[in-house]
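Trainee: Structure supplied as final_32.json; contents: JSON, C-alpha atoms.
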```json
[["chain", "number", "residue", "atom", "x", "y", "z"],
["A", 534, "MET", "CA", 0.00, 0.00, 0.00],
["A", 535, "ASN", "CA", 1.30, 3.47, -0.89],
["A", 536, "MET", "CA", 2.31, 5.59, 2.05],
["A", 537, "ARG", "CA", 4.64, 8.53, 2.22],
["A", 538, "ARG", "CA", 7.99, 7.28, 3.46],
["A", 539, "SER", "CA", 9.69, 9.46, 5.97],
["A", 540, "PRO", "CA", 12.19, 8.91, 8.78],
["A", 541, "GLN", "CA", 9.51, 10.10, 11.22],
["A", 542, "THR", "CA", 7.02, 7.46, 10.03],
["A", 543, "THR", "CA", 9.68, 4.78, 10.34],
["A", 544, "LEU", "CA", 10.45, 6.02, 13.85],
["A", 545, "VAL", "CA", 6.79, 5.74, 14.85],
["A", 546, "LEU", "CA", 6.47, 2.28, 13.30],
["A", 547, "ALA", "CA", 9.64, 1.12, 15.07],
["A", 548, "GLU", "CA", 8.20, 2.42, 18.34],
["A", 549, "PHE", "CA", 5.03, 0.39, 17.81],
["A", 550, "LEU", "CA", 7.14, -2.69, 17.10],
["A", 551, "GLN", "CA", 8.70, -2.40, 20.55],
["A", 552, "SER", "CA", 5.51, -3.84, 22.01],
["A", 553, "LYS", "CA", 3.42, -5.20, 19.17],
["A", 554, "GLN", "CA", 0.24, -6.19, 20.96],
["A", 555, "GLU", "CA", 0.01, -3.39, 23.50],
["A", 556, "TRP", "CA", -2.15, -0.31, 23.17],
["A", 557, "ARG", "CA", -0.03, 2.84, 23.16],
["A", 558, "TYR", "CA", -0.66, 6.42, 24.23],
["A", 559, "GLY", "CA", 0.08, 9.39, 21.98],
["A", 560, "TYR", "CA", 2.11, 11.25, 24.60],
["A", 561, "ASP", "CA", 4.25, 8.19, 25.36],
["A", 562, "ILE", "CA", 5.01, 7.66, 21.67],
["A", 563, "SER", "CA", 5.87, 11.34, 21.39],
["A", 564, "ARG", "CA", 8.25, 11.16, 24.35],
["A", 565, "ASN", "CA", 9.93, 7.95, 23.19],
["A", 566, "THR", "CA", 10.40, 9.08, 19.59],
["A", 567, "GLY", "CA", 11.08, 12.74, 20.34],
["A", 568, "LEU", "CA", 8.40, 13.78, 17.82],
["A", 569, "LYS", "CA", 6.18, 16.77, 18.51],
["A", 570, "SER", "CA", 2.42, 16.28, 18.58],
["A", 571, "GLY", "CA", 2.08, 18.22, 15.31],
["A", 572, "THR", "CA", 4.33, 15.70, 13.56],
["A", 573, "LEU", "CA", 3.15, 12.55, 15.33],
["A", 574, "TYR", "CA", -0.61, 12.88, 14.94],
["A", 575, "PRO", "CA", -0.72, 13.40, 11.14],
["A", 576, "ILE", "CA", 1.37, 10.20, 10.86],
["A", 577, "LEU", "CA", -1.04, 8.32, 13.13],
["A", 578, "MET", "CA", -3.99, 9.68, 11.14],
["A", 579, "ARG", "CA", -2.48, 8.51, 7.85],
["A", 580, "LEU", "CA", -1.79, 5.06, 9.30],
["A", 581, "ALA", "CA", -5.37, 4.81, 10.58],
["A", 582, "GLU", "CA", -6.83, 5.92, 7.22],
["A", 583, "ARG", "CA", -4.97, 3.03, 5.56],
["A", 584, "SER", "CA", -6.30, 0.59, 8.18],
["A", 585, "MET", "CA", -2.81, 0.02, 9.57],
["A", 586, "LEU", "CA", -3.64, 1.43, 12.97],
["A", 587, "GLU", "CA", -6.61, 0.80, 15.20],
["A", 588, "THR", "CA", -7.74, 3.32, 17.72],
["A", 589, "ASN", "CA", -9.76, 3.08, 20.88],
["A", 590, "TRP", "CA", -10.65, 5.02, 24.02],
["A", 591, "GLU", "CA", -9.38, 3.84, 27.36],
["A", 592, "LYS", "CA", -11.43, 4.60, 30.44],
["A", 593, "ALA", "CA", -9.21, 6.17, 33.07],
["A", 594, "GLU", "CA", -9.46, 6.29, 36.85],
["A", 595, "ILE", "CA", -12.09, 8.58, 38.33],
["A", 596, "GLY", "CA", -11.14, 12.22, 38.03],
["A", 597, "ARG", "CA", -8.87, 11.70, 35.04],
["A", 598, "PRO", "CA", -9.86, 12.08, 31.40],
["A", 599, "PRO", "CA", -10.15, 9.06, 29.06],
["A", 600, "ARG", "CA", -7.23, 8.45, 26.73],
["A", 601, "HIS", "CA", -7.04, 7.77, 23.02],
["A", 602, "ILE", "CA", -5.01, 4.62, 22.48],
["A", 603, "TYR", "CA", -3.40, 3.12, 19.40],
["A", 604, "ARG", "CA", -2.23, -0.27, 18.19],
["A", 605, "LEU", "CA", -1.00, -1.57, 14.83],
["A", 606, "THR", "CA", -3.34, -3.89, 12.95],
["A", 607, "ARG", "CA", -2.09, -7.07, 11.30],
["A", 608, "ALA", "CA", -1.60, -5.18, 8.02],
["A", 609, "GLY", "CA", 0.11, -2.41, 9.96],
["A", 610, "LEU", "CA", 2.50, -4.87, 11.62],
["A", 611, "ARG", "CA", 3.43, -6.35, 8.24],
["A", 612, "TYR", "CA", 4.03, -2.88, 6.83],
["A", 613, "ALA", "CA", 5.99, -1.81, 9.91],
["A", 614, "HIS", "CA", 8.27, -4.84, 9.74],
["A", 615, "ALA", "CA", 8.93, -4.21, 6.04],
["A", 616, "GLU", "CA", 9.52, -0.48, 6.48],
["A", 617, "VAL", "CA", 11.75, -0.76, 9.54],
["A", 618, "SER", "CA", 13.88, -3.53, 8.07],
["A", 619, "ALA", "CA", 14.15, -1.63, 4.74],
["A", 620, "ALA", "CA", 15.17, 1.54, 6.59],
["A", 621, "SER", "CA", 17.75, -0.27, 8.70],
["A", 622, "SER", "CA", 19.27, -2.07, 5.71],
["A", 623, "LEU", "CA", 19.40, 1.23, 3.82],
["A", 624, "THR", "CA", 21.22, 2.83, 6.73],
["A", 625, "VAL", "CA", 23.74, -0.02, 6.83],
["A", 626, "LEU", "CA", 24.31, -0.02, 3.07],
["A", 627, "GLN", "CA", 24.39, 3.71, 2.42],
["A", 628, "PRO", "CA", 25.90, 5.78, 5.21],
["A", 629, "ALA", "CA", 25.02, 9.45, 4.74],
["A", 630, "PHE", "CA", 28.56, 10.60, 5.51],
["A", 631, "GLN", "CA", 31.55, 8.38, 5.12],
["A", 632, "GLY", "CA", 34.16, 9.47, 7.61],
["A", 633, "ALA", "CA", 37.72, 9.78, 6.32],
["A", 634, "PRO", "CA", 39.84, 6.81, 7.32],
["A", 635, "ARG", "CA", 42.25, 7.57, 10.10],
["A", 636, "GLY", "CA", 45.83, 6.76, 9.34],
["B", 1324, "MET", "CA", -4.22, 25.23, 37.23],
["B", 1325, "THR", "CA", -1.43, 27.55, 36.11],
["B", 1326, "LEU", "CA", -1.86, 30.20, 33.44],
["B", 1327, "VAL", "CA", 0.31, 28.28, 30.97],
["B", 1328, "ARG", "CA", -1.70, 25.09, 31.37],
["B", 1329, "THR", "CA", -4.96, 27.02, 31.12],
["B", 1330, "LEU", "CA", -3.72, 28.49, 27.85],
["B", 1331, "ALA", "CA", -2.80, 25.01, 26.63],
["B", 1332, "VAL", "CA", -6.27, 23.70, 27.50],
["B", 1333, "LYS", "CA", -7.90, 26.67, 25.73],
["B", 1334, "ILE", "CA", -5.85, 26.04, 22.59],
["B", 1335, "THR", "CA", -6.74, 22.35, 22.45],
["B", 1336, "GLY", "CA", -10.39, 23.26, 23.08],
["B", 1337, "LEU", "CA", -10.29, 25.51, 20.03],
["B", 1338, "VAL", "CA", -8.66, 22.75, 17.99],
["B", 1339, "VAL", "CA", -11.43, 20.32, 18.95],
["B", 1340, "ARG", "CA", -14.07, 22.91, 18.09],
["B", 1341, "PHE", "CA", -12.73, 23.76, 14.65],
["B", 1342, "ALA", "CA", -11.31, 20.36, 13.61],
["B", 1343, "SER", "CA", -12.80, 18.90, 10.42],
["B", 1344, "PRO", "CA", -15.10, 15.84, 10.79],
["B", 1345, "GLY", "CA", -12.34, 13.37, 9.95],
["B", 1346, "ALA", "CA", -9.95, 14.89, 12.49],
["B", 1347, "LYS", "CA", -12.41, 15.47, 15.36],
["B", 1348, "GLU", "CA", -11.64, 12.25, 17.22],
["B", 1349, "TRP", "CA", -7.91, 12.89, 16.86],
["B", 1350, "ALA", "CA", -8.28, 16.45, 18.11],
["B", 1351, "GLU", "CA", -10.18, 15.14, 21.16],
["B", 1352, "GLY", "CA", -7.44, 12.58, 21.75],
["B", 1353, "LEU", "CA", -4.81, 15.31, 21.60],
["B", 1354, "ALA", "CA", -6.81, 17.56, 23.91],
["B", 1355, "LEU", "CA", -7.39, 14.91, 26.59],
["B", 1356, "GLU", "CA", -3.75, 13.84, 26.52],
["B", 1357, "ILE", "CA", -2.89, 17.26, 28.00],
["B", 1358, "GLY", "CA", -4.11, 15.93, 31.35],
["B", 1359, "TYR", "CA", -1.26, 13.42, 31.33],
["B", 1360, "VAL", "CA", 1.54, 15.87, 30.47],
["B", 1361, "ASP", "CA", 3.30, 16.72, 33.74],
["B", 1362, "ASN", "CA", 5.19, 19.86, 32.78],
["B", 1363, "ASP", "CA", 3.12, 22.98, 32.00],
["B", 1364, "TRP", "CA", 5.42, 24.19, 29.25],
["B", 1365, "SER", "CA", 5.42, 20.75, 27.67],
["B", 1366, "ALA", "CA", 1.62, 20.88, 27.80],
["B", 1367, "LEU", "CA", 1.69, 24.21, 25.97],
["B", 1368, "ALA", "CA", 4.09, 22.80, 23.36],
["B", 1369, "TRP", "CA", 1.78, 19.80, 22.96],
["B", 1370, "ALA", "CA", -1.23, 22.13, 22.52],
["B", 1371, "LEU", "CA", 0.57, 24.30, 19.97],
["B", 1372, "GLY", "CA", 1.51, 21.17, 18.03],
["B", 1373, "SER", "CA", -2.14, 20.13, 17.98],
["B", 1374, "LEU", "CA", -2.92, 23.21, 15.84],
["B", 1375, "ARG", "CA", -1.50, 21.22, 12.93],
["B", 1376, "VAL", "CA", -4.73, 19.17, 12.96],
["B", 1377, "LEU", "CA", -6.55, 22.27, 11.74],
["B", 1378, "LEU", "CA", -4.46, 22.42, 8.56],
["B", 1379, "GLY", "CA", -6.35, 20.83, 5.73],
["B", 1380, "TYR", "CA", -9.87, 19.50, 5.66],
["B", 1381, "ARG", "CA", -10.41, 15.81, 6.38],
["B", 1382, "GLU", "CA", -13.82, 14.37, 5.78],
["B", 1383, "ALA", "CA", -15.07, 11.60, 8.05],
["B", 1384, "PRO", "CA", -13.48, 8.41, 6.69],
["B", 1385, "LEU", "CA", -15.63, 5.51, 5.52],
["B", 1386, "ALA", "CA", -15.99, 3.12, 8.43],
["B", 1387, "SER", "CA", -16.83, 0.12, 6.26],
["B", 1388, "LEU", "CA", -17.83, -0.90, 2.73],
["B", 1389, "ARG", "CA", -21.48, -0.45, 3.78],
["B", 1390, "ASP", "CA", -20.92, 3.33, 3.74],
["B", 1391, "VAL", "CA", -19.67, 3.27, 0.13],
["B", 1392, "PRO", "CA", -23.01, 3.50, -1.76],
["B", 1393, "ALA", "CA", -24.08, 6.58, 0.22],
["B", 1394, "ALA", "CA", -20.68, 8.24, -0.24],
["B", 1395, "ALA", "CA", -20.67, 7.38, -3.95],
["B", 1396, "ALA", "CA", -24.16, 8.81, -4.44],
["B", 1397, "LYS", "CA", -23.17, 12.00, -2.60],
["B", 1398, "PHE", "CA", -20.02, 12.32, -4.70],
["B", 1399, "HIS", "CA", -21.98, 11.67, -7.88],
["B", 1400, "ILE", "CA", -24.45, 14.46, -7.13],
["B", 1401, "SER", "CA", -21.73, 16.94, -6.21],
["B", 1402, "ALA", "CA", -19.39, 16.05, -9.11],
["B", 1403, "ARG", "CA", -21.78, 15.57, -11.99],
["B", 1404, "PRO", "CA", -21.95, 19.03, -13.62],
["B", 1405, "ARG", "CA", -18.38, 20.03, -12.93],
["B", 1406, "PRO", "CA", -16.21, 18.31, -15.55],
["B", 1407, "ARG", "CA", -18.11, 19.81, -18.50],
["B", 1408, "THR", "CA", -18.27, 23.23, -16.81],
["B", 1409, "PHE", "CA", -14.56, 23.01, -16.12],
["B", 1410, "GLY", "CA", -13.89, 22.15, -19.75],
["B", 1411, "TRP", "CA", -15.89, 25.09, -21.11],
["B", 1412, "ILE", "CA", -14.29, 27.51, -18.65],
["B", 1413, "PHE", "CA", -10.87, 26.44, -19.89],
["B", 1414, "VAL", "CA", -11.77, 26.77, -23.58],
["B", 1415, "LEU", "CA", -13.41, 30.18, -23.04],
["B", 1416, "ASN", "CA", -10.46, 31.37, -20.97],
["B", 1417, "GLY", "CA", -8.11, 30.35, -23.80],
["B", 1418, "ALA", "CA", -10.29, 32.18, -26.33],
["B", 1419, "LEU", "CA", -10.48, 35.30, -24.14],
["B", 1420, "TYR", "CA", -6.74, 35.39, -23.74],
["B", 1421, "LEU", "CA", -6.28, 35.51, -27.52],
["B", 1422, "TRP", "CA", -6.53, 39.30, -27.26],
["B", 1423, "THR", "CA", -3.29, 39.35, -25.26],
["B", 1424, "LEU", "CA", -1.48, 38.23, -28.39],
["B", 1425, "ASP", "CA", -2.31, 41.67, -29.90],
["B", 1426, "LEU", "CA", -0.77, 43.38, -26.90],
["B", 1427, "ALA", "CA", 2.39, 41.28, -27.06],
["B", 1428, "THR", "CA", 5.30, 43.28, -28.43],
["B", 1429, "THR", "CA", 8.33, 41.04, -27.86],
["B", 1430, "ALA", "CA", 8.99, 37.43, -28.86],
["B", 1431, "ARG", "CA", 9.00, 36.43, -25.19],
["B", 1432, "GLU", "CA", 5.58, 37.97, -24.63],
["B", 1433, "ARG", "CA", 4.18, 36.33, -27.74],
["B", 1434, "ALA", "CA", 5.59, 32.94, -26.68],
["B", 1435, "GLY", "CA", 4.13, 33.33, -23.20],
["B", 1436, "CYS", "CA", 0.68, 34.31, -24.48],
["B", 1437, "THR", "CA", 0.60, 31.55, -27.10],
["B", 1438, "LEU", "CA", 1.54, 28.90, -24.53],
["B", 1439, "HIS", "CA", -1.11, 30.24, -22.19],
["B", 1440, "VAL", "CA", -3.86, 30.08, -24.81],
["B", 1441, "LEU", "CA", -2.72, 26.64, -26.00],
["B", 1442, "SER", "CA", -2.56, 25.15, -22.50],
["B", 1443, "MET", "CA", -6.06, 26.39, -21.66],
["B", 1444, "VAL", "CA", -7.64, 25.23, -24.93],
["B", 1445, "VAL", "CA", -5.91, 21.83, -24.90],
["B", 1446, "ALA", "CA", -6.84, 21.23, -21.24],
["B", 1447, "GLY", "CA", -10.44, 22.26, -21.99],
["B", 1448, "ILE", "CA", -10.69, 19.91, -24.97],
["B", 1449, "ILE", "CA", -9.19, 16.98, -23.00],
["B", 1450, "ILE", "CA", -11.67, 17.53, -20.16],
["B", 1451, "LEU", "CA", -14.64, 17.88, -22.52],
["B", 1452, "ALA", "CA", -13.60, 14.77, -24.44],
["B", 1453, "SER", "CA", -13.19, 12.65, -21.31],
["B", 1454, "ARG", "CA", -15.91, 10.11, -20.65],
["B", 1455, "SER", "CA", -18.95, 11.58, -18.94],
["B", 1456, "LEU", "CA", -20.05, 10.28, -15.53],
["B", 1457, "LYS", "CA", -22.32, 7.29, -15.51],
["B", 1458, "ASP", "CA", -25.76, 7.50, -14.01],
["B", 1459, "ALA", "CA", -26.06, 7.36, -10.26],
["B", 1460, "PRO", "CA", -25.94, 3.80, -8.92],
["B", 1461, "GLY", "CA", -29.40, 2.34, -8.50],
["B", 1462, "GLU", "CA", -30.83, 0.60, -5.48],
["B", 1463, "ASP", "CA", -29.88, -2.85, -6.79],
["B", 1464, "SER", "CA", -26.18, -2.11, -6.96],
["B", 1465, "CYS", "CA", -26.14, -1.16, -3.27],
["B", 1466, "PHE", "CA", -26.28, -4.87, -2.45],
["B", 1467, "ASP", "CA", -23.05, -5.54, -4.26],
["B", 1468, "LEU", "CA", -20.79, -3.48, -2.07],
["B", 1469, "ILE", "CA", -17.51, -4.48, -3.68],
["B", 1470, "ALA", "CA", -18.76, -3.61, -7.17],
["B", 1471, "SER", "CA", -20.07, -0.33, -5.80],
["B", 1472, "ALA", "CA", -16.68, 0.40, -4.21],
["B", 1473, "HIS", "CA", -14.85, -0.35, -7.47],
["B", 1474, "ARG", "CA", -17.24, 1.86, -9.38],
["B", 1475, "TYR", "CA", -16.80, 4.69, -6.89],
["B", 1476, "ARG", "CA", -13.02, 4.25, -7.12],
["B", 1477, "THR", "CA", -13.15, 4.53, -10.93],
["B", 1478, "GLU", "CA", -15.17, 7.75, -10.64],
["B", 1479, "LEU", "CA", -12.66, 9.14, -8.15],
["B", 1480, "GLU", "CA", -9.73, 8.16, -10.39],
["B", 1481, "ARG", "CA", -11.39, 9.93, -13.29],
["B", 1482, "ARG", "CA", -11.97, 13.03, -11.18],
["B", 1483, "CYS", "CA", -8.30, 12.97, -10.13],
["B", 1484, "TYR", "CA", -7.28, 12.71, -13.80],
["B", 1485, "ILE", "CA", -9.32, 15.82, -14.66],
["B", 1486, "GLN", "CA", -7.95, 17.67, -11.64],
["B", 1487, "ARG", "CA", -4.38, 16.80, -12.61],
["B", 1488, "ILE", "CA", -4.95, 18.14, -16.16],
["B", 1489, "ALA", "CA", -6.50, 21.31, -14.73],
["B", 1490, "ALA", "CA", -3.61, 21.71, -12.28],
["B", 1491, "CYS", "CA", -1.05, 21.30, -15.08],
["B", 1492, "ALA", "CA", -2.91, 23.86, -17.23],
["B", 1493, "PHE", "CA", -3.03, 26.37, -14.36],
["B", 1494, "PHE", "CA", 0.64, 25.79, -13.59],
["B", 1495, "VAL", "CA", 1.59, 26.39, -17.23],
["B", 1496, "CYS", "CA", -0.57, 29.54, -17.22],
["B", 1497, "ILE", "CA", 1.13, 30.91, -14.12],
["B", 1498, "VAL", "CA", 4.58, 30.29, -15.62],
["B", 1499, "THR", "CA", 3.66, 31.67, -19.04],
["B", 1500, "ASP", "CA", 2.01, 34.74, -17.51],
["B", 1501, "MET", "CA", 5.25, 35.40, -15.68],
["B", 1502, "LEU", "CA", 7.13, 34.98, -18.95],
["B", 1503, "ALA", "CA", 4.77, 37.39, -20.67],
["B", 1504, "VAL", "CA", 5.04, 40.10, -18.02],
["B", 1505, "THR", "CA", 7.80, 42.37, -19.26],
["B", 1506, "ASP", "CA", 6.32, 45.83, -19.41],
["B", 1507, "GLY", "CA", 4.02, 47.91, -17.22],
["B", 1508, "ARG", "CA", 0.96, 47.46, -19.41],
["B", 1509, "TYR", "CA", 1.19, 43.70, -19.18],
["B", 1510, "VAL", "CA", 1.78, 43.69, -15.45],
["B", 1511, "HIS", "CA", -1.45, 45.59, -14.97],
["B", 1512, "ALA", "CA", -3.51, 43.51, -17.36],
["B", 1513, "MET", "CA", -2.23, 40.05, -16.54],
["B", 1514, "LEU", "CA", -1.42, 39.89, -12.85],
["B", 1515, "ARG", "CA", -5.05, 39.80, -11.76],
["B", 1516, "GLY", "CA", -5.44, 36.71, -13.92],
["B", 1517, "THR", "CA", -2.31, 35.16, -12.46],
["B", 1518, "ASP", "CA", -3.62, 35.65, -8.93],
["B", 1519, "MET", "CA", -6.79, 33.84, -9.93],
["B", 1520, "PHE", "CA", -4.76, 30.96, -11.38],
["B", 1521, "VAL", "CA", -2.73, 30.64, -8.17],
["B", 1522, "ILE", "CA", -5.97, 30.48, -6.15],
["B", 1523, "CYS", "CA", -7.45, 27.91, -8.57],
["B", 1524, "LEU", "CA", -4.27, 25.80, -8.47],
["B", 1525, "THR", "CA", -4.32, 25.80, -4.66],
["B", 1526, "ALA", "CA", -8.01, 24.84, -4.57],
["B", 1527, "ILE", "CA", -7.44, 22.03, -7.07],
["B", 1528, "ALA", "CA", -4.44, 20.76, -5.09],
["B", 1529, "PHE", "CA", -6.61, 20.50, -1.96],
["B", 1530, "ALA", "CA", -9.46, 18.80, -3.85],
["B", 1531, "LEU", "CA", -6.99, 16.37, -5.44],
["B", 1532, "ARG", "CA", -5.59, 15.50, -2.01],
["B", 1533, "THR", "CA", -9.10, 14.84, -0.67],
["B", 1534, "ASN", "CA", -9.86, 12.52, -3.59],
["B", 1535, "ARG", "CA", -6.52, 10.71, -3.21],
["B", 1536, "ARG", "CA", -7.39, 10.13, 0.47],
["B", 1537, "ARG", "CA", -10.80, 8.75, -0.51],
["B", 1538, "ILE", "CA", -9.12, 6.34, -2.95],
["B", 1539, "GLU", "CA", -6.59, 5.24, -0.32],
["B", 1540, "ARG", "CA", -9.38, 4.60, 2.19],
["B", 1541, "LEU", "CA", -11.33, 2.60, -0.39],
["B", 1542, "ASP", "CA", -8.19, 0.58, -1.21],
["B", 1543, "ALA", "CA", -7.69, -0.12, 2.48],
["B", 1544, "LEU", "CA", -11.31, -1.30, 2.87],
["B", 1545, "LEU", "CA", -11.10, -3.46, -0.27],
["B", 1546, "THR", "CA", -7.82, -5.00, 0.92],
["B", 1547, "GLU", "CA", -9.37, -5.76, 4.31],
["B", 1548, "ARG", "CA", -12.34, -7.41, 2.61],
["B", 1549, "SER", "CA", -10.18, -9.56, 0.33]]
```
For the file at hand, write its structure as structure tokens.
Mentor:
Amino acid sequence: MNMRRSPQTTLVLAEFLQSKQEWRYGYDISRNTGLKSGTLYPILMRLAERSMLETNWEKAEIGRPPRHIYRLTRAGLRYAHAEVSAASSLTVLQPAFQGAPRG
Amino acid sequence: MTLVRTLAVKITGLVVRFASPGAKEWAEGLALEIGYVDNDWSALAWALGSLRVLLGYREAPLASLRDVPAAAAKFHISARPRPRTFGWIFVLNGALYLWTLDLATTARERAGCTLHVLSMVVAGIIILASRSLKDAPGEDSCFDLIASAHRYRTELERRCYIQRIAACAFFVCIVTDMLAVTDGRYVHAMLRGTDMFVICLTAIAFALRTNRRRIERLDALLTERS
């Protein structure tokens, strides 16, 4: 499925792969990836539109607001595995800057 | 609650209020997450980031293939007269701009004006010649959801094709108008038109993005089904 490839998307997908079955919170993903909410949420929205991400509401303790939670679907997991492994192999094969050899 | 956090809450409240239908749930998610951000300044940064949700209109996505016939019928009603109207507007615009060839004094101006007229007329003819929309799907076809989804997808693809041609024509017009502007008389006569083309190009780009999103959502639903 076509999806805009970006390092940020790969970062988010890799974060989801850390715990594949668990529901994740937006703020936690933002903290772990270092992405701002304005970058993270459009990525999550695109993933959800392509049925790669499922969303839900989690009831919180009394006095605290409910939370929007996210988890990759089966298609999302397949895509995430492919994207993350492609990104890591690309990084290994093509370093952005080749340091000069030290003599 | 501190002033900074109050400001953050106000901002996210505004985002929820003005978010488009497809982004409403996300805006609510962003707003409620503020309650779990410990630091006030981080909460403000989070709220400011949430303003991004307001950029661009997102319609409520199709929840399942069952929603397709209704969405297709709505699209059909809204899209039906436009391709032909678009086509005639382009042809007439090309014809109207023929008078600029008289005003052109240099080879560059003449080249710019000719390209402008040609791009408009060619785009108009392509749009007019493209296949007209089929009749609205009848009640029977609503039962065959996959066929209905494929049909809707074809209509969307066709609309995207027309929008891409229109966008190319407008882009060529903007460039050629800039080529043609070399003296004061031309600047005055042409720039108003160029402004209009920039606005049209922007509007078409947004409409094209909306249709691409619809196609992607349909593809996702069809993949799920298969």
Trainee: Could you build a table of the residues in chain B lying no more than 12 Å from chain A, giving for each the nearest pair of atoms and their separation in Å rounded to one decimal place, using only C-alpha atoms, ordered by chain and ascending residue number, as a Markdown table?
Mentor:
```
| residue | atom | partner | partner_atom | distance |
| --- | --- | --- | --- | --- |
| B:Thr1335 | CA | A:Ser570 | CA | 11.7 |
| B:Val1338 | CA | A:Gly571 | CA | 12.0 |
| B:Gly1345 | CA | A:Met578 | CA | 9.2 |
| B:Ala1346 | CA | A:Met578 | CA | 8.0 |
| B:Lys1347 | CA | A:Met578 | CA | 11.1 |
| B:Glu1348 | CA | A:His601 | CA | 8.7 |
| B:Trp1349 | CA | A:Tyr574 | CA | 7.5 |
| B:Ala1350 | CA | A:Tyr574 | CA | 9.0 |
| B:Glu1351 | CA | A:His601 | CA | 8.2 |
| B:Gly1352 | CA | A:His601 | CA | 5.0 |
| B:Leu1353 | CA | A:Gly559 | CA | 7.7 |
| B:Ala1354 | CA | A:Arg600 | CA | 9.5 |
| B:Leu1355 | CA | A:Pro598 | CA | 6.1 |
| B:Glu1356 | CA | A:Arg600 | CA | 6.4 |
| B:Ile1357 | CA | A:Tyr560 | CA | 8.5 |
| B:Gly1358 | CA | A:Pro598 | CA | 6.9 |
| B:Tyr1359 | CA | A:Tyr560 | CA | 7.8 |
| B:Val1360 | CA | A:Tyr560 | CA | 7.5 |
| B:Asp1361 | CA | A:Tyr560 | CA | 10.7 |
| B:Ser1365 | CA | A:Lys569 | CA | 10.0 |
| B:Ala1366 | CA | A:Tyr560 | CA | 10.2 |
| B:Leu1367 | CA | A:Ser570 | CA | 10.9 |
| B:Ala1368 | CA | A:Lys569 | CA | 8.0 |
| B:Trp1369 | CA | A:Ser570 | CA | 5.7 |
| B:Ala1370 | CA | A:Ser570 | CA | 7.9 |
| B:Leu1371 | CA | A:Gly571 | CA | 7.8 |
| B:Gly1372 | CA | A:Gly571 | CA | 4.1 |
| B:Ser1373 | CA | A:Gly571 | CA | 5.3 |
| B:Leu1374 | CA | A:Gly571 | CA | 7.1 |
| B:Arg1375 | CA | A:Gly571 | CA | 5.2 |
| B:Val1376 | CA | A:Pro575 | CA | 7.3 |
| B:Leu1377 | CA | A:Gly571 | CA | 10.2 |
| B:Leu1378 | CA | A:Pro575 | CA | 10.1 |
| B:Gly1379 | CA | A:Pro575 | CA | 10.8 |
| B:Arg1381 | CA | A:Met578 | CA | 10.1 |
| B:Glu1382 | CA | A:Glu582 | CA | 11.1 |
| B:Ala1383 | CA | A:Glu582 | CA | 10.0 |
| B:Pro1384 | CA | A:Glu582 | CA | 7.1 |
| B:Leu1385 | CA | A:Glu582 | CA | 9.0 |
| B:Ala1386 | CA | A:Glu582 | CA | 9.7 |
| B:Ser1387 | CA | A:Ser584 | CA | 10.7 |
| B:Arg1535 | CA | A:Asn535 | CA | 10.9 |
| B:Arg1536 | CA | A:Glu582 | CA | 8.0 |
| B:Arg1537 | CA | A:Glu582 | CA | 9.1 |
| B:Ile1538 | CA | A:Arg583 | CA | 10.0 |
| B:Glu1539 | CA | A:Arg583 | CA | 6.5 |
| B:Arg1540 | CA | A:Arg583 | CA | 5.8 |
| B:Leu1541 | CA | A:Arg583 | CA | 8.7 |
| B:Asp1542 | CA | A:Arg583 | CA | 7.9 |
| B:Ala1543 | CA | A:Arg583 | CA | 5.2 |
| B:Leu1544 | CA | A:Ser584 | CA | 7.5 |
| B:Leu1545 | CA | A:Ser584 | CA | 10.5 |
| B:Thr1546 | CA | A:Ser584 | CA | 9.3 |
| B:Glu1547 | CA | A:Ser584 | CA | 8.0 |
| B:Arg1548 | CA | A:Ser584 | CA | 11.5 |
```
Trainee: Go ahead and compute the interatomic distance for atom CA of Gly609 of chain A and atom CA of Leu1468 of chain B, in Å to one decimal.
Mentor: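 Atom-to-atom, atom CA of Gly609 of chain A to atom CA of Leu1468 of chain B, that is 24.1 Å.
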Trainee: Just the number, please: distance in Å from atom CA of Ile1469 of chain B to atom CA of Pro1392 of chain B, one decimal.
Mentor: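 Those two atoms sit 9.9 Å apart.
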Trainee: Need the neighbours of (3.6, -7.0, 15.0): which residues are at most 10 Å away, counting all atoms listed in the file, as a ChimeraX atom specification?
Mentor: /A:546,549-555,604-614
Trainee: Report, in Å with one decimal, the straight-line distance from atom CA of Trp1364 of chain B to atom CA of Thr1329 of chain B.
Mentor: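 One can read the atom CA of Trp1364 of chain B to atom CA of Thr1329 of chain B distance as 10.9 Å.
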Trainee: Looking at all atoms listed in the file, which of A:Glu591, A:Tyr603, A:Val545, A:Pro540 is the one that sits closest to Arg557 of chain A?
Mentor: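 Checking each of A:Glu591, A:Tyr603, A:Val545, A:Pro540 against Arg557 of chain A, counting all atoms listed in the file, the winner is A:Tyr603.
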